[in-house]
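Next up, target-v1.tsv (TSV, N, CA and C atoms):
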```tsv
chain	number	residue	atom	x	y	z
A	1133	MET	N	-1.26	21.27	27.81
A	1133	MET	CA	-0.14	22.03	27.30
A	1133	MET	C	-0.68	23.32	26.71
A	1134	GLY	N	-0.03	24.43	27.06
A	1134	GLY	CA	-0.49	25.71	26.55
A	1134	GLY	C	-0.25	25.85	25.06
A	1135	GLN	N	-1.04	26.71	24.45
A	1135	GLN	CA	-0.89	26.96	23.02
A	1135	GLN	C	0.40	27.75	22.77
A	1136	ILE	N	1.08	27.41	21.72
A	1136	ILE	CA	2.35	28.05	21.40
A	1136	ILE	C	2.13	29.51	21.03
A	1137	ASN	N	2.95	30.37	21.61
A	1137	ASN	CA	2.97	31.79	21.28
A	1137	ASN	C	4.05	31.97	20.22
A	1138	LEU	N	3.65	32.30	19.00
A	1138	LEU	CA	4.59	32.35	17.88
A	1138	LEU	C	5.71	33.37	18.07
A	1139	GLU	N	5.47	34.41	18.84
A	1139	GLU	CA	6.50	35.42	19.07
A	1139	GLU	C	7.49	35.02	20.15
A	1140	GLN	N	7.04	34.24	21.14
A	1140	GLN	CA	7.89	33.92	22.28
A	1140	GLN	C	8.42	32.49	22.29
A	1141	ASP	N	7.77	31.58	21.61
A	1141	ASP	CA	8.06	30.16	21.78
A	1141	ASP	C	8.79	29.51	20.61
A	1142	ILE	N	9.29	30.29	19.70
A	1142	ILE	CA	10.09	29.77	18.59
A	1142	ILE	C	11.39	30.57	18.58
A	1143	LYS	N	12.50	29.85	18.79
A	1143	LYS	CA	13.80	30.52	18.90
A	1143	LYS	C	14.84	29.79	18.06
A	1144	PRO	N	15.73	30.54	17.43
A	1144	PRO	CA	16.83	29.89	16.71
A	1144	PRO	C	17.82	29.27	17.70
A	1145	LEU	N	18.53	28.27	17.24
A	1145	LEU	CA	19.50	27.58	18.08
A	1145	LEU	C	20.53	28.54	18.67
A	1146	SER	N	20.94	29.52	17.90
A	1146	SER	CA	21.95	30.48	18.40
A	1146	SER	C	21.41	31.24	19.62
A	1147	GLU	N	20.14	31.63	19.58
A	1147	GLU	CA	19.55	32.33	20.72
A	1147	GLU	C	19.39	31.38	21.90
A	1148	PHE	N	19.03	30.13	21.61
A	1148	PHE	CA	18.91	29.15	22.69
A	1148	PHE	C	20.25	28.96	23.39
A	1149	ARG	N	21.32	28.86	22.61
A	1149	ARG	CA	22.66	28.71	23.19
A	1149	ARG	C	23.01	29.90	24.08
A	1150	ALA	N	22.69	31.09	23.61
A	1150	ALA	CA	23.05	32.30	24.33
A	1150	ALA	C	22.20	32.53	25.58
A	1151	ASN	N	20.97	31.99	25.58
A	1151	ASN	CA	20.03	32.27	26.68
A	1151	ASN	C	19.40	31.00	27.26
A	1152	THR	N	20.18	29.94	27.33
A	1152	THR	CA	19.63	28.65	27.74
A	1152	THR	C	18.87	28.72	29.06
A	1153	ALA	N	19.49	29.25	30.10
A	1153	ALA	CA	18.87	29.29	31.42
A	1153	ALA	C	17.55	30.06	31.39
A	1154	ALA	N	17.54	31.20	30.74
A	1154	ALA	CA	16.33	32.02	30.67
A	1154	ALA	C	15.22	31.31	29.89
A	1155	LEU	N	15.58	30.62	28.84
A	1155	LEU	CA	14.56	29.93	28.03
A	1155	LEU	C	14.02	28.69	28.74
A	1156	VAL	N	14.87	27.99	29.47
A	1156	VAL	CA	14.39	26.86	30.28
A	1156	VAL	C	13.42	27.38	31.35
A	1157	LYS	N	13.77	28.49	31.96
A	1157	LYS	CA	12.89	29.11	32.95
A	1157	LYS	C	11.55	29.49	32.32
A	1158	GLN	N	11.60	30.04	31.12
A	1158	GLN	CA	10.37	30.42	30.40
A	1158	GLN	C	9.47	29.21	30.19
A	1159	VAL	N	10.06	28.09	29.77
A	1159	VAL	CA	9.27	26.87	29.53
A	1159	VAL	C	8.61	26.40	30.83
A	1160	LYS	N	9.36	26.43	31.92
A	1160	LYS	CA	8.81	26.01	33.21
A	1160	LYS	C	7.66	26.93	33.66
A	1161	GLU	N	7.85	28.22	33.49
A	1161	GLU	CA	6.85	29.19	33.96
A	1161	GLU	C	5.60	29.21	33.09
A	1162	THR	N	5.77	29.15	31.78
A	1162	THR	CA	4.62	29.27	30.88
A	1162	THR	C	3.93	27.94	30.62
A	1163	GLN	N	4.64	26.83	30.89
A	1163	GLN	CA	4.13	25.49	30.61
A	1163	GLN	C	3.87	25.29	29.12
A	1164	ARG	N	4.53	26.11	28.29
A	1164	ARG	CA	4.43	25.96	26.84
A	1164	ARG	C	5.74	25.42	26.31
A	1165	PRO	N	5.70	24.61	25.27
A	1165	PRO	CA	6.95	24.12	24.69
A	1165	PRO	C	7.70	25.23	23.96
A	1166	LEU	N	8.99	25.03	23.81
A	1166	LEU	CA	9.83	25.95	23.05
A	1166	LEU	C	10.31	25.22	21.81
A	1167	ILE	N	10.03	25.80	20.65
A	1167	ILE	CA	10.48	25.23	19.39
A	1167	ILE	C	11.85	25.85	19.07
A	1168	ILE	N	12.83	25.00	18.84
A	1168	ILE	CA	14.18	25.47	18.51
A	1168	ILE	C	14.40	25.22	17.02
A	1169	THR	N	14.80	26.27	16.34
A	1169	THR	CA	15.02	26.15	14.89
A	1169	THR	C	16.50	26.12	14.58
A	1170	GLN	N	16.79	25.51	13.44
A	1170	GLN	CA	18.16	25.47	12.94
A	1170	GLN	C	18.09	25.68	11.44
A	1171	HIS	N	18.79	26.66	10.95
A	1171	HIS	CA	18.76	27.03	9.53
A	1171	HIS	C	17.34	27.35	9.07
A	1172	GLY	N	16.57	27.99	9.96
A	1172	GLY	CA	15.22	28.43	9.61
A	1172	GLY	C	14.14	27.37	9.65
A	1173	LYS	N	14.49	26.16	10.08
A	1173	LYS	CA	13.51	25.08	10.14
A	1173	LYS	C	13.44	24.52	11.56
A	1174	SER	N	12.26	24.08	11.97
A	1174	SER	CA	12.12	23.51	13.30
A	1174	SER	C	13.04	22.30	13.42
A	1175	SER	N	13.71	22.21	14.59
A	1175	SER	CA	14.72	21.18	14.77
A	1175	SER	C	14.51	20.38	16.05
A	1176	ALA	N	14.03	21.04	17.10
A	1176	ALA	CA	13.85	20.36	18.39
A	1176	ALA	C	12.77	21.08	19.19
A	1177	VAL	N	12.28	20.38	20.22
A	1177	VAL	CA	11.27	20.94	21.11
A	1177	VAL	C	11.75	20.76	22.54
A	1178	LEU	N	11.67	21.82	23.31
A	1178	LEU	CA	12.00	21.77	24.73
A	1178	LEU	C	10.70	21.80	25.52
A	1179	LEU	N	10.50	20.77	26.36
A	1179	LEU	CA	9.29	20.66	27.17
A	1179	LEU	C	9.64	20.63	28.64
A	1180	ASP	N	8.73	21.12	29.46
A	1180	ASP	CA	8.83	20.96	30.90
A	1180	ASP	C	8.74	19.46	31.22
A	1181	VAL	N	9.48	18.99	32.20
A	1181	VAL	CA	9.53	17.57	32.52
A	1181	VAL	C	8.14	17.03	32.87
A	1182	LYS	N	7.36	17.77	33.64
A	1182	LYS	CA	6.01	17.31	34.01
A	1182	LYS	C	5.12	17.19	32.78
A	1183	LYS	N	5.23	18.13	31.86
A	1183	LYS	CA	4.44	18.06	30.63
A	1183	LYS	C	4.87	16.87	29.78
A	1184	TYR	N	6.16	16.62	29.72
A	1184	TYR	CA	6.68	15.49	28.96
A	1184	TYR	C	6.17	14.18	29.55
A	1185	GLN	N	6.23	14.04	30.88
A	1185	GLN	CA	5.74	12.83	31.52
A	1185	GLN	C	4.25	12.66	31.28
A	1186	SER	N	3.50	13.74	31.32
A	1186	SER	CA	2.07	13.68	31.05
A	1186	SER	C	1.80	13.17	29.63
A	1187	LEU	N	2.58	13.64	28.67
A	1187	LEU	CA	2.42	13.16	27.29
A	1187	LEU	C	2.73	11.67	27.19
A	1188	LEU	N	3.79	11.22	27.86
A	1188	LEU	CA	4.13	9.80	27.84
A	1188	LEU	C	3.01	8.96	28.45
A	1189	ASP	N	2.43	9.45	29.55
A	1189	ASP	CA	1.33	8.73	30.19
A	1189	ASP	C	0.12	8.62	29.27
A	1190	LYS	N	-0.20	9.72	28.58
A	1190	LYS	CA	-1.33	9.70	27.64
A	1190	LYS	C	-1.07	8.74	26.49
A	1191	ILE	N	0.14	8.73	25.98
A	1191	ILE	CA	0.48	7.82	24.88
A	1191	ILE	C	0.32	6.37	25.34
A	1192	GLU	N	0.77	6.07	26.55
A	1192	GLU	CA	0.64	4.71	27.07
A	1192	GLU	C	-0.82	4.29	27.19
A	1193	ILE	N	-1.66	5.18	27.67
A	1193	ILE	CA	-3.09	4.88	27.79
A	1193	ILE	C	-3.69	4.65	26.40
A	1194	LEU	N	-3.35	5.51	25.45
A	1194	LEU	CA	-3.88	5.35	24.09
A	1194	LEU	C	-3.41	4.04	23.46
A	1195	GLN	N	-2.18	3.64	23.73
A	1195	GLN	CA	-1.69	2.36	23.21
A	1195	GLN	C	-2.46	1.20	23.84
A	1196	ASP	N	-2.78	1.30	25.13
A	1196	ASP	CA	-3.57	0.26	25.80
A	1196	ASP	C	-4.96	0.17	25.18
A	1197	VAL	N	-5.57	1.32	24.91
A	1197	VAL	CA	-6.90	1.33	24.29
A	1197	VAL	C	-6.83	0.72	22.89
A	1198	GLN	N	-5.81	1.07	22.14
A	1198	GLN	CA	-5.65	0.52	20.79
A	1198	GLN	C	-5.48	-1.00	20.84
A	1199	LEU	N	-4.70	-1.50	21.78
A	1199	LEU	CA	-4.51	-2.93	21.92
A	1199	LEU	C	-5.83	-3.61	22.30
A	1200	ALA	N	-6.57	-2.99	23.23
A	1200	ALA	CA	-7.85	-3.56	23.64
A	1200	ALA	C	-8.83	-3.61	22.46
A	1201	GLU	N	-8.87	-2.55	21.66
A	1201	GLU	CA	-9.76	-2.55	20.49
A	1201	GLU	C	-9.37	-3.64	19.51
A	1202	LYS	N	-8.07	-3.84	19.31
A	1202	LYS	CA	-7.60	-4.90	18.42
A	1202	LYS	C	-8.01	-6.27	18.95
A	1203	GLN	N	-7.86	-6.47	20.25
A	1203	GLN	CA	-8.23	-7.74	20.85
A	1203	GLN	C	-9.73	-7.99	20.72
A	1204	LEU	N	-10.53	-6.96	20.89
A	1204	LEU	CA	-11.98	-7.10	20.73
A	1204	LEU	C	-12.33	-7.45	19.29
A	1205	ASP	N	-11.67	-6.79	18.34
A	1205	ASP	CA	-11.91	-7.08	16.92
A	1205	ASP	C	-11.55	-8.52	16.58
A	1206	GLU	N	-10.58	-9.07	17.30
A	1206	GLU	CA	-10.16	-10.46	17.06
A	1206	GLU	C	-10.99	-11.46	17.86
A	1207	GLY	N	-12.02	-10.96	18.55
A	1207	GLY	CA	-12.89	-11.85	19.32
A	1207	GLY	C	-12.30	-12.32	20.64
A	1208	LYS	N	-11.32	-11.62	21.13
A	1208	LYS	CA	-10.66	-12.03	22.37
A	1208	LYS	C	-11.28	-11.41	23.62
A	1209	GLY	N	-12.32	-10.62	23.45
A	1209	GLY	CA	-12.94	-9.96	24.59
A	1209	GLY	C	-13.99	-10.83	25.24
A	1210	ILE	N	-14.47	-10.38	26.39
A	1210	ILE	CA	-15.58	-11.06	27.07
A	1210	ILE	C	-16.68	-10.04	27.30
A	1211	GLY	N	-17.88	-10.53	27.43
A	1211	GLY	CA	-19.02	-9.66	27.64
A	1211	GLY	C	-19.06	-9.06	29.03
A	1212	HIS	N	-19.92	-8.08	29.20
A	1212	HIS	CA	-20.05	-7.36	30.46
A	1212	HIS	C	-20.44	-8.31	31.60
A	1213	LEU	N	-21.43	-9.15	31.37
A	1213	LEU	CA	-21.90	-10.04	32.43
A	1213	LEU	C	-20.81	-11.02	32.86
A	1214	GLU	N	-20.06	-11.54	31.90
A	1214	GLU	CA	-18.96	-12.45	32.23
A	1214	GLU	C	-17.87	-11.73	33.01
A	1215	ALA	N	-17.57	-10.51	32.63
A	1215	ALA	CA	-16.56	-9.72	33.34
A	1215	ALA	C	-16.99	-9.48	34.78
A	1216	ARG	N	-18.25	-9.10	34.97
A	1216	ARG	CA	-18.79	-8.89	36.33
A	1216	ARG	C	-18.68	-10.16	37.15
A	1217	LYS	N	-19.04	-11.29	36.55
A	1217	LYS	CA	-18.99	-12.57	37.25
A	1217	LYS	C	-17.57	-12.88	37.71
A	1218	ARG	N	-16.60	-12.68	36.82
A	1218	ARG	CA	-15.20	-12.97	37.16
A	1218	ARG	C	-14.70	-12.05	38.27
A	1219	ILE	N	-15.04	-10.79	38.18
A	1219	ILE	CA	-14.62	-9.84	39.22
A	1219	ILE	C	-15.25	-10.21	40.55
A	1220	HIS	N	-16.52	-10.52	40.53
A	1220	HIS	CA	-17.24	-10.90	41.75
A	1220	HIS	C	-16.62	-12.14	42.37
A	1221	GLU	N	-16.32	-13.15	41.56
A	1221	GLU	CA	-15.70	-14.38	42.05
A	1221	GLU	C	-14.33	-14.12	42.66
A	1222	ARG	N	-13.58	-13.24	42.03
A	1222	ARG	CA	-12.23	-12.98	42.50
A	1222	ARG	C	-12.20	-12.21	43.81
A	1223	TYR	N	-13.12	-11.27	43.97
A	1223	TYR	CA	-13.03	-10.36	45.13
A	1223	TYR	C	-14.09	-10.59	46.21
A	1224	SER	N	-14.93	-11.57	46.06
A	1224	SER	CA	-15.94	-11.78	47.11
A	1224	SER	C	-15.64	-12.98	47.99
A	1225	GLY	N	-14.52	-13.58	47.85
A	1225	GLY	CA	-14.23	-14.78	48.60
A	1225	GLY	C	-13.23	-14.56	49.62
```

Just give me the structure of the file as structure tokens.
Amino acid sequence: MGQINLEQDIKPLSEFRANTAALVKQVKETQRPLIITQHGKSSAVLLDVKKYQSLLDKIEILQDVQLAEKQLDEGKGIGHLEARKRIHERYSG
């Protein structure tokens, strides 16, 4: 995701309403998120769909890693040699 340009990527809700199509086009072209403000405070973020899906994919991977680390801490893991043995048994027959 591109770094936010403070002059171009933060818009008040009123400007977003008035220029929705142009701002959506900007997000698609620049691949940067658009911060929408309301009453001078950040309120929402507009992301390109591909960037949003990429973020969801990364979160899912990180959650899997976190779960795996928790399982290892609880002694639920297996060693490298045992893992190799199981894989070999499963796919060599």

- Interatomic distance between atom CA of Ile1191 of chain A and atom CA of Arg1216 of chain A?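 Value for the atom CA of Ile1191 of chain A-atom CA of Arg1216 of chain A distance: 28.0 Å.
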
- Task: May I have the protein, DNA and RNA residues with an atom at most 12 Å from (2.2, 31.4, 30.9), counting only C-alpha atoms in the file's coordinates, returned as a ChimeraX atom specification?
- Result: /A:1133-1137,1140-1141,1157-1165

Selected residues, N, CA and C atoms, written as a PDB file, in the coordinates of the input, please.
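Output saved as result.pdb:
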```pdb
ATOM      1  N   MET A1133      -1.260  21.270  27.810  1.00  0.00           N
ATOM      2  CA  MET A1133      -0.140  22.030  27.300  1.00  0.00           C
ATOM      3  C   MET A1133      -0.680  23.320  26.710  1.00  0.00           C
ATOM      4  N   GLY A1134      -0.030  24.430  27.060  1.00  0.00           N
ATOM      5  CA  GLY A1134      -0.490  25.710  26.550  1.00  0.00           C
ATOM      6  C   GLY A1134      -0.250  25.850  25.060  1.00  0.00           C
ATOM      7  N   GLN A1135      -1.040  26.710  24.450  1.00  0.00           N
ATOM      8  CA  GLN A1135      -0.890  26.960  23.020  1.00  0.00           C
ATOM      9  C   GLN A1135       0.400  27.750  22.770  1.00  0.00           C
ATOM     10  N   ILE A1136       1.080  27.410  21.720  1.00  0.00           N
ATOM     11  CA  ILE A1136       2.350  28.050  21.400  1.00  0.00           C
ATOM     12  C   ILE A1136       2.130  29.510  21.030  1.00  0.00           C
ATOM     13  N   ASN A1137       2.950  30.370  21.610  1.00  0.00           N
ATOM     14  CA  ASN A1137       2.970  31.790  21.280  1.00  0.00           C
ATOM     15  C   ASN A1137       4.050  31.970  20.220  1.00  0.00           C
ATOM     16  N   GLN A1140       7.040  34.240  21.140  1.00  0.00           N
ATOM     17  CA  GLN A1140       7.890  33.920  22.280  1.00  0.00           C
ATOM     18  C   GLN A1140       8.420  32.490  22.290  1.00  0.00           C
ATOM     19  N   ASP A1141       7.770  31.580  21.610  1.00  0.00           N
ATOM     20  CA  ASP A1141       8.060  30.160  21.780  1.00  0.00           C
ATOM     21  C   ASP A1141       8.790  29.510  20.610  1.00  0.00           C
ATOM     22  N   LYS A1157      13.770  28.490  31.960  1.00  0.00           N
ATOM     23  CA  LYS A1157      12.890  29.110  32.950  1.00  0.00           C
ATOM     24  C   LYS A1157      11.550  29.490  32.320  1.00  0.00           C
ATOM     25  N   GLN A1158      11.600  30.040  31.120  1.00  0.00           N
ATOM     26  CA  GLN A1158      10.370  30.420  30.400  1.00  0.00           C
ATOM     27  C   GLN A1158       9.470  29.210  30.190  1.00  0.00           C
ATOM     28  N   VAL A1159      10.060  28.090  29.770  1.00  0.00           N
ATOM     29  CA  VAL A1159       9.270  26.870  29.530  1.00  0.00           C
ATOM     30  C   VAL A1159       8.610  26.400  30.830  1.00  0.00           C
ATOM     31  N   LYS A1160       9.360  26.430  31.920  1.00  0.00           N
ATOM     32  CA  LYS A1160       8.810  26.010  33.210  1.00  0.00           C
ATOM     33  C   LYS A1160       7.660  26.930  33.660  1.00  0.00           C
ATOM     34  N   GLU A1161       7.850  28.220  33.490  1.00  0.00           N
ATOM     35  CA  GLU A1161       6.850  29.190  33.960  1.00  0.00           C
ATOM     36  C   GLU A1161       5.600  29.210  33.090  1.00  0.00           C
ATOM     37  N   THR A1162       5.770  29.150  31.780  1.00  0.00           N
ATOM     38  CA  THR A1162       4.620  29.270  30.880  1.00  0.00           C
ATOM     39  C   THR A1162       3.930  27.940  30.620  1.00  0.00           C
ATOM     40  N   GLN A1163       4.640  26.830  30.890  1.00  0.00           N
ATOM     41  CA  GLN A1163       4.130  25.490  30.610  1.00  0.00           C
ATOM     42  C   GLN A1163       3.870  25.290  29.120  1.00  0.00           C
ATOM     43  N   ARG A1164       4.530  26.110  28.290  1.00  0.00           N
ATOM     44  CA  ARG A1164       4.430  25.960  26.840  1.00  0.00           C
ATOM     45  C   ARG A1164       5.740  25.420  26.310  1.00  0.00           C
ATOM     46  N   PRO A1165       5.700  24.610  25.270  1.00  0.00           N
ATOM     47  CA  PRO A1165       6.950  24.120  24.690  1.00  0.00           C
ATOM     48  C   PRO A1165       7.700  25.230  23.960  1.00  0.00           C
TER      49      PRO A1165
END
```

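Look at everything within 8 Å of (14.8, 22.0, 18.2) using all atoms listed in the file, and the residues you get are Lys1143, Pro1144, Leu1145, Leu1166, Ile1167, Ile1168, Thr1169, Gln1170, Lys1173, Ser1174, Ser1175, Ala1176, Val1177 and Leu1178 of chain A.
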
Would you give me, as a short mmCIF file (atom, residue, chain, number, x, y, z; two decimals) with N, CA and C atoms, in the frame of the given file, the residues in chain A that DSSP reads as strand (DSSP E or B)?
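Ended up saving to part.cif:
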```
data_model
loop_
_atom_site.label_atom_id
_atom_site.label_comp_id
_atom_site.auth_asym_id
_atom_site.auth_seq_id
_atom_site.Cartn_x
_atom_site.Cartn_y
_atom_site.Cartn_z
N ILE A 1142 9.29 30.29 19.70
CA ILE A 1142 10.09 29.77 18.59
C ILE A 1142 11.39 30.57 18.58
N LYS A 1143 12.50 29.85 18.79
CA LYS A 1143 13.80 30.52 18.90
C LYS A 1143 14.84 29.79 18.06
N PRO A 1144 15.73 30.54 17.43
CA PRO A 1144 16.83 29.89 16.71
C PRO A 1144 17.82 29.27 17.70
N LEU A 1166 8.99 25.03 23.81
CA LEU A 1166 9.83 25.95 23.05
C LEU A 1166 10.31 25.22 21.81
N ILE A 1167 10.03 25.80 20.65
CA ILE A 1167 10.48 25.23 19.39
C ILE A 1167 11.85 25.85 19.07
N ILE A 1168 12.83 25.00 18.84
CA ILE A 1168 14.18 25.47 18.51
C ILE A 1168 14.40 25.22 17.02
N THR A 1169 14.80 26.27 16.34
CA THR A 1169 15.02 26.15 14.89
C THR A 1169 16.50 26.12 14.58
N GLN A 1170 16.79 25.51 13.44
CA GLN A 1170 18.16 25.47 12.94
C GLN A 1170 18.09 25.68 11.44
N LYS A 1173 14.49 26.16 10.08
CA LYS A 1173 13.51 25.08 10.14
C LYS A 1173 13.44 24.52 11.56
N SER A 1174 12.26 24.08 11.97
CA SER A 1174 12.12 23.51 13.30
C SER A 1174 13.04 22.30 13.42
N SER A 1175 13.71 22.21 14.59
CA SER A 1175 14.72 21.18 14.77
C SER A 1175 14.51 20.38 16.05
N ALA A 1176 14.03 21.04 17.10
CA ALA A 1176 13.85 20.36 18.39
C ALA A 1176 12.77 21.08 19.19
N VAL A 1177 12.28 20.38 20.22
CA VAL A 1177 11.27 20.94 21.11
C VAL A 1177 11.75 20.76 22.54
N LEU A 1178 11.67 21.82 23.31
CA LEU A 1178 12.00 21.77 24.73
C LEU A 1178 10.70 21.80 25.52
#
```

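Counting from atom N of Leu1179 of chain A, the distance to atom CA of Val1156 of chain A is 8.2 Å.
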
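From atom CA of Tyr1223 of chain A back to atom CA of Glu1201 of chain A, the distance works out to 26.1 Å.
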
- Message: Please identify the alpha helix (DSSP H) residues within chain A (assignment by DSSP from backbone atoms) and present them as JSON, numbers by chain.
- Response: {"A": [1145, 1146, 1147, 1148, 1149, 1150, 1152, 1153, 1154, 1155, 1156, 1157, 1158, 1159, 1160, 1161, 1162, 1181, 1182, 1183, 1184, 1185, 1186, 1187, 1188, 1189, 1190, 1191, 1192, 1193, 1194, 1195, 1196, 1197, 1198, 1199, 1200, 1201, 1202, 1203, 1204, 1205, 1212, 1213, 1214, 1215, 1216, 1217, 1218, 1219, 1220, 1221, 1222, 1223]}
